[in-house]
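Enquirer: Below is the structure I would like to discuss, written out as structure tokens.
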Amino acid sequence: SRKITVAAAQVGAIDLTTPKKAVVARLLKLLHEAAGKKVKIVVFPECTLTTFFPRHLIPSQEELDKYFEHGEDITQSPDVKPLFDEAKALGIDIVLGYAERTPDGTGYNTCVYYSASEGKVLSKYRKIHLPGTSEPFEDPKAVNQLEKRYFTPGNLGFEAFRASGMVQDAVKKETVKEGESTIGKGDPIMGMLICNDRRWPEAWRVYSLQGAELIVFGFNTGGNMAHLWGSKPMSPEEAKTEALFHSRLVQQANSYMNACFSISSARCGLDDGKFDLIGGSAIVSPEGHVLAEAKTEDDELVVADIDLAAVRQGKEKTFDYGRHRRIETYGLIDKQ
Ligand code: CDT
């Protein structure tokens, strides 16, 4: 059987001064709730551990560095280690987004997939599509989006990977004959994105070309970003409704077009009582249907049972790449 229970662990407001330890305590609470519901994979948001700091111009490097995790191995980061240890003890795989400062000083917007059965990080992804600007907006009332200032575009590509220890009929590499399809067999083939990446069909497609069956991502999406990309003047309420609509639209459409399940996990709520982020965490099927969605803009576990067999309709019929793709006509896709 390839049925598993999965969850998005949505995380509500976090202020500029909220200690990481306090955030991790909330994440542990969500993880324990997940254990009670027999969840096998929990997806936490983008930059889970702090407020969404790219909204703020932080001139001091020392101050800025407090929002980053330092060193090669996030599982050993003192404030965050208890989360990985507990995930291992509970047998739950987790996806965690965080700001990464590498030893050479580069900043990445990163997430990792931690496997409880392997007791280690199976895959790391660094966000490729960084939205916003390097310089603050001139309008002092506009909320900044300084990801281009604080982060470098990811250098790890879109590498699909197989989770481990999820399903009974695991496919061992040596038992798959050369040329034999692994569609519909073994542990889920996974892909990770981060927030703005979800709006780019190429990102999903590169994963689905590797057979991805479950694509997961966290996000921080402003409820008040009409000045950044609204097509017309909008009230704050309209801007938020539009932001939620587009977030859901891209998740449903891309899940269907790439014949994969997807899990999205929001950092949301009113940070510092005024910086609004949308909720809308959701689990979507390969047919594009919403299986479960958040009802709040607070800490909330969104759970669904998924059967990975459901990707076969799309992968073997509607979107069977071997039979229906016309790559001889897609040349422009990798040109400027
Ligand atoms: N974090 C991120 O990539 N956000 C962008 C928009 C900025 S709104 C804070 C997004 O695509 O949702």
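Naming scheme: A, B, ... for chains in displayed order of the structure tokens; residues 1 onward per chain; ligands 1 onward as shown.
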Residues of chain A within 10 Å of ligand 1: nearest atom pair and distance (Å, one decimal) for each, counting only C-alpha atoms and all ligand atoms, sorted by chain and number, as JSON lines?

Expert:
{"residue": "A:Pro45", "atom": "CA", "partner": "ligand 1", "partner_atom_place_in_ligand_line": "1 (N)", "distance": 10.0}
{"residue": "A:Glu46", "atom": "CA", "partner": "ligand 1", "partner_atom_place_in_ligand_line": "1 (N)", "distance": 7.2}
{"residue": "A:Cys47", "atom": "CA", "partner": "ligand 1", "partner_atom_place_in_ligand_line": "1 (N)", "distance": 8.6}
{"residue": "A:Phe52", "atom": "CA", "partner": "ligand 1", "partner_atom_place_in_ligand_line": "9 (C)", "distance": 7.8}
{"residue": "A:Phe53", "atom": "CA", "partner": "ligand 1", "partner_atom_place_in_ligand_line": "9 (C)", "distance": 9.8}
{"residue": "A:Pro54", "atom": "CA", "partner": "ligand 1", "partner_atom_place_in_ligand_line": "9 (C)", "distance": 8.1}
{"residue": "A:Arg55", "atom": "CA", "partner": "ligand 1", "partner_atom_place_in_ligand_line": "9 (C)", "distance": 7.2}
{"residue": "A:Asn109", "atom": "CA", "partner": "ligand 1", "partner_atom_place_in_ligand_line": "1 (N)", "distance": 9.2}
{"residue": "A:Lys127", "atom": "CA", "partner": "ligand 1", "partner_atom_place_in_ligand_line": "3 (O)", "distance": 8.7}
{"residue": "A:Ile128", "atom": "CA", "partner": "ligand 1", "partner_atom_place_in_ligand_line": "3 (O)", "distance": 9.9}
{"residue": "A:His129", "atom": "CA", "partner": "ligand 1", "partner_atom_place_in_ligand_line": "3 (O)", "distance": 7.6}
{"residue": "A:Leu130", "atom": "CA", "partner": "ligand 1", "partner_atom_place_in_ligand_line": "3 (O)", "distance": 6.3}
{"residue": "A:Pro131", "atom": "CA", "partner": "ligand 1", "partner_atom_place_in_ligand_line": "3 (O)", "distance": 5.6}
{"residue": "A:Gly132", "atom": "CA", "partner": "ligand 1", "partner_atom_place_in_ligand_line": "7 (C)", "distance": 6.7}
{"residue": "A:Val143", "atom": "CA", "partner": "ligand 1", "partner_atom_place_in_ligand_line": "9 (C)", "distance": 8.2}
{"residue": "A:Asn144", "atom": "CA", "partner": "ligand 1", "partner_atom_place_in_ligand_line": "9 (C)", "distance": 8.0}
{"residue": "A:Gln145", "atom": "CA", "partner": "ligand 1", "partner_atom_place_in_ligand_line": "9 (C)", "distance": 6.1}
{"residue": "A:Leu146", "atom": "CA", "partner": "ligand 1", "partner_atom_place_in_ligand_line": "7 (C)", "distance": 9.2}
{"residue": "A:Glu147", "atom": "CA", "partner": "ligand 1", "partner_atom_place_in_ligand_line": "1 (N)", "distance": 7.8}
{"residue": "A:Ile194", "atom": "CA", "partner": "ligand 1", "partner_atom_place_in_ligand_line": "3 (O)", "distance": 7.0}
{"residue": "A:Cys195", "atom": "CA", "partner": "ligand 1", "partner_atom_place_in_ligand_line": "3 (O)", "distance": 4.5}
{"residue": "A:Asn196", "atom": "CA", "partner": "ligand 1", "partner_atom_place_in_ligand_line": "11 (O)", "distance": 3.4}
{"residue": "A:Asp197", "atom": "CA", "partner": "ligand 1", "partner_atom_place_in_ligand_line": "11 (O)", "distance": 7.1}
{"residue": "A:Arg198", "atom": "CA", "partner": "ligand 1", "partner_atom_place_in_ligand_line": "11 (O)", "distance": 7.4}
{"residue": "A:Arg199", "atom": "CA", "partner": "ligand 1", "partner_atom_place_in_ligand_line": "11 (O)", "distance": 6.7}
{"residue": "A:Trp200", "atom": "CA", "partner": "ligand 1", "partner_atom_place_in_ligand_line": "11 (O)", "distance": 9.6}
{"residue": "A:Gly218", "atom": "CA", "partner": "ligand 1", "partner_atom_place_in_ligand_line": "1 (N)", "distance": 8.7}
{"residue": "A:Phe219", "atom": "CA", "partner": "ligand 1", "partner_atom_place_in_ligand_line": "1 (N)", "distance": 5.6}
{"residue": "A:Asn220", "atom": "CA", "partner": "ligand 1", "partner_atom_place_in_ligand_line": "1 (N)", "distance": 4.4}
{"residue": "A:Thr221", "atom": "CA", "partner": "ligand 1", "partner_atom_place_in_ligand_line": "8 (S)", "distance": 3.9}
{"residue": "A:Gly222", "atom": "CA", "partner": "ligand 1", "partner_atom_place_in_ligand_line": "9 (C)", "distance": 3.9}
{"residue": "A:Gly223", "atom": "CA", "partner": "ligand 1", "partner_atom_place_in_ligand_line": "8 (S)", "distance": 7.3}
{"residue": "A:Asn224", "atom": "CA", "partner": "ligand 1", "partner_atom_place_in_ligand_line": "8 (S)", "distance": 7.8}
{"residue": "A:Met225", "atom": "CA", "partner": "ligand 1", "partner_atom_place_in_ligand_line": "8 (S)", "distance": 5.9}
{"residue": "A:Ala226", "atom": "CA", "partner": "ligand 1", "partner_atom_place_in_ligand_line": "8 (S)", "distance": 9.2}
{"residue": "A:Leu228", "atom": "CA", "partner": "ligand 1", "partner_atom_place_in_ligand_line": "7 (C)", "distance": 7.9}
{"residue": "A:Trp229", "atom": "CA", "partner": "ligand 1", "partner_atom_place_in_ligand_line": "6 (C)", "distance": 8.8}
{"residue": "A:Ala243", "atom": "CA", "partner": "ligand 1", "partner_atom_place_in_ligand_line": "12 (O)", "distance": 7.9}
{"residue": "A:Leu244", "atom": "CA", "partner": "ligand 1", "partner_atom_place_in_ligand_line": "12 (O)", "distance": 9.5}
{"residue": "A:His246", "atom": "CA", "partner": "ligand 1", "partner_atom_place_in_ligand_line": "12 (O)", "distance": 9.1}
{"residue": "A:Ser247", "atom": "CA", "partner": "ligand 1", "partner_atom_place_in_ligand_line": "12 (O)", "distance": 7.4}
{"residue": "A:Ala266", "atom": "CA", "partner": "ligand 1", "partner_atom_place_in_ligand_line": "12 (O)", "distance": 9.8}
{"residue": "A:Arg267", "atom": "CA", "partner": "ligand 1", "partner_atom_place_in_ligand_line": "1 (N)", "distance": 9.5}
{"residue": "A:Phe275", "atom": "CA", "partner": "ligand 1", "partner_atom_place_in_ligand_line": "9 (C)", "distance": 9.4}
{"residue": "A:Asp276", "atom": "CA", "partner": "ligand 1", "partner_atom_place_in_ligand_line": "9 (C)", "distance": 8.7}
{"residue": "A:Leu277", "atom": "CA", "partner": "ligand 1", "partner_atom_place_in_ligand_line": "9 (C)", "distance": 7.0}
{"residue": "A:Ile278", "atom": "CA", "partner": "ligand 1", "partner_atom_place_in_ligand_line": "8 (S)", "distance": 9.0}

Enquirer: Write to file, as a PDB file, in the first residue's frame, the residues of the selection just made, with C-alpha atoms.

Expert:
ATOM      1  CA  PRO A  45       6.820  26.977   6.536  1.00  0.00           C
ATOM      2  CA  GLU A  46       9.493  29.050   4.795  1.00  0.00           C
ATOM      3  CA  CYS A  47      11.859  30.741   7.308  1.00  0.00           C
ATOM      4  CA  PHE A  52       9.663  37.180   7.976  1.00  0.00           C
ATOM      5  CA  PHE A  53      12.638  39.532   8.355  1.00  0.00           C
ATOM      6  CA  PRO A  54      13.019  40.473   4.628  1.00  0.00           C
ATOM      7  CA  ARG A  55      10.193  42.947   5.276  1.00  0.00           C
ATOM      8  CA  ASN A 109      16.611  30.847   1.870  1.00  0.00           C
ATOM      9  CA  LYS A 127      15.201  28.917  -2.960  1.00  0.00           C
ATOM     10  CA  ILE A 128      15.805  29.811  -6.579  1.00  0.00           C
ATOM     11  CA  HIS A 129      13.177  32.473  -7.347  1.00  0.00           C
ATOM     12  CA  LEU A 130      13.848  35.343  -4.949  1.00  0.00           C
ATOM     13  CA  PRO A 131      11.120  38.005  -5.138  1.00  0.00           C
ATOM     14  CA  GLY A 132      11.249  41.686  -4.216  1.00  0.00           C
ATOM     15  CA  VAL A 143       6.090  46.915   3.134  1.00  0.00           C
ATOM     16  CA  ASN A 144       9.539  45.862   1.930  1.00  0.00           C
ATOM     17  CA  GLN A 145      10.464  42.519   0.361  1.00  0.00           C
ATOM     18  CA  LEU A 146      14.256  42.468   0.635  1.00  0.00           C
ATOM     19  CA  GLU A 147      14.964  38.844  -0.249  1.00  0.00           C
ATOM     20  CA  ILE A 194      10.056  27.620  -1.323  1.00  0.00           C
ATOM     21  CA  CYS A 195       7.282  30.210  -1.535  1.00  0.00           C
ATOM     22  CA  ASN A 196       7.713  32.312  -4.707  1.00  0.00           C
ATOM     23  CA  ASP A 197       9.030  29.223  -6.550  1.00  0.00           C
ATOM     24  CA  ARG A 198       5.466  27.877  -6.499  1.00  0.00           C
ATOM     25  CA  ARG A 199       4.422  30.540  -9.002  1.00  0.00           C
ATOM     26  CA  TRP A 200       6.915  29.287 -11.634  1.00  0.00           C
ATOM     27  CA  GLY A 218       6.455  26.641   2.816  1.00  0.00           C
ATOM     28  CA  PHE A 219       5.548  30.248   2.193  1.00  0.00           C
ATOM     29  CA  ASN A 220       5.399  33.786   3.628  1.00  0.00           C
ATOM     30  CA  THR A 221       3.003  35.761   1.463  1.00  0.00           C
ATOM     31  CA  GLY A 222       2.012  39.276   2.434  1.00  0.00           C
ATOM     32  CA  GLY A 223      -1.700  40.009   2.632  1.00  0.00           C
ATOM     33  CA  ASN A 224      -0.911  43.590   1.723  1.00  0.00           C
ATOM     34  CA  MET A 225       1.467  43.390  -1.231  1.00  0.00           C
ATOM     35  CA  ALA A 226      -0.707  45.009  -3.919  1.00  0.00           C
ATOM     36  CA  LEU A 228       4.433  44.936  -5.351  1.00  0.00           C
ATOM     37  CA  TRP A 229       2.344  43.101  -7.921  1.00  0.00           C
ATOM     38  CA  ALA A 243      -3.181  36.909  -2.639  1.00  0.00           C
ATOM     39  CA  LEU A 244      -5.013  33.852  -1.274  1.00  0.00           C
ATOM     40  CA  HIS A 246      -3.331  33.248  -6.497  1.00  0.00           C
ATOM     41  CA  SER A 247      -1.656  31.096  -3.874  1.00  0.00           C
ATOM     42  CA  ALA A 266       2.051  29.110   5.594  1.00  0.00           C
ATOM     43  CA  ARG A 267       3.766  31.389   8.054  1.00  0.00           C
ATOM     44  CA  PHE A 275       2.616  42.848   9.322  1.00  0.00           C
ATOM     45  CA  ASP A 276       0.001  40.667   7.688  1.00  0.00           C
ATOM     46  CA  LEU A 277       0.763  37.275   6.110  1.00  0.00           C
ATOM     47  CA  ILE A 278      -1.923  35.112   4.516  1.00  0.00           C
TER      48      ILE A 278
END

Enquirer: Give me the residues near A:Thr51 as a PyMOL selection string, where near means some atom within 9 Å (using only C-alpha atoms) and where sequence neighbours in that chain fewer than 6 positions away do not count.

Expert: chain A and resi 13-18+67+267+271-272

Enquirer: Which residues are close to A:Ala89, i.e. within 10 Å by only C-alpha atoms, leaving aside same-chain residues fewer than 5 positions away? Reply as JSON, numbers by chain.

Expert: {"A": [83, 84, 116, 117, 119]}

Enquirer: Please provide as a list in words all residues within 9 Å of stretch 282-284 of chain A, with the sequence filter that same-chain residues fewer than 4 positions apart are discarded (counting only C-alpha atoms).

Expert: Val6, Ala7, Ala8, Arg248, Gln251, Gln252, Ser255, Tyr256, Cys260, Phe261, Ser262, Ile263, Ser264, Ser265, Ala266, Gly288, His289, Val290, Leu291, Ala292, Glu293, Ala294, Val302, Val303 and Ala304 of chain A

Enquirer: Taking only C-alpha atoms into account, name the residue in A:Cys268, A:Ile327, A:Ile189, A:Val216 that is nearest to A:Lys240.

Expert: A:Cys268

Enquirer: Would you give me, as a list in words, the residues in stretch 61-111 of chain A that DSSP reads as alpha helix (DSSP H)?

Expert: Gln61, Glu62, Glu63, Leu64, Asp65, Lys81, Pro82, Leu83, Phe84, Asp85, Glu86, Ala87, Lys88, Ala89 and Leu90 of chain A

Enquirer: Using atom CA of A:Glu202 and atom CA of A:Asn155 as the two end points, give the distance in Å to one decimal.

Expert: 15.9 Å

Enquirer: If we count only C-alpha atoms and set the cut-off at 10 Å, which residues sit around A:Tyr125, ignoring sequence neighbours fewer than 6 positions away in its own chain? Please answer as a PyMOL selection string.

Expert: chain A and resi 97+108-113+154-160+191-194

Enquirer: I need the residues in stretch 17-72 of chain A that are strand (DSSP E) according to DSSP; give them as a PyMOL selection string.

Expert: chain A and resi 41-43+69-70

Enquirer: Excluding A:Ser1 and its own-chain neighbours fewer than 6 positions away, which residues fall within 12 Å of it when counting only C-alpha atoms? Please give them as a list in words.

Expert: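 Skipping anything fewer than 6 positions along the chain leaves Met166, Val167, Gln168, Asp169, Ala170, Gly184, Lys185, Gly186, Asp187, Pro188, Ile306, Asp307, Leu308, Ala309 and Ala310 of chain A.
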
Enquirer: Atom CA of A:Ile41 and atom CA of A:Ile4, how far apart in Å?

Expert: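 If I compute the distance from atom CA of A:Ile4 to atom CA of A:Ile41, I get 8.4 Å.
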
Enquirer: What does the distance between atom CA of A:Ser123 and atom CA of A:Lys29 come to in Å, to one decimal place?

Expert: 24.4 Å

Enquirer: With distances taken over only C-alpha atoms, which of A:Ile333, A:Val311, A:Ala99, A:Leu90 is nearest to A:Gly36?

Expert: A:Leu90

Enquirer: Taking only C-alpha atoms into account, name the residue in A:Pro153, A:Gly211, A:Gly12, A:Pro82 that is nearest to A:Phe319.

Expert: A:Gly211
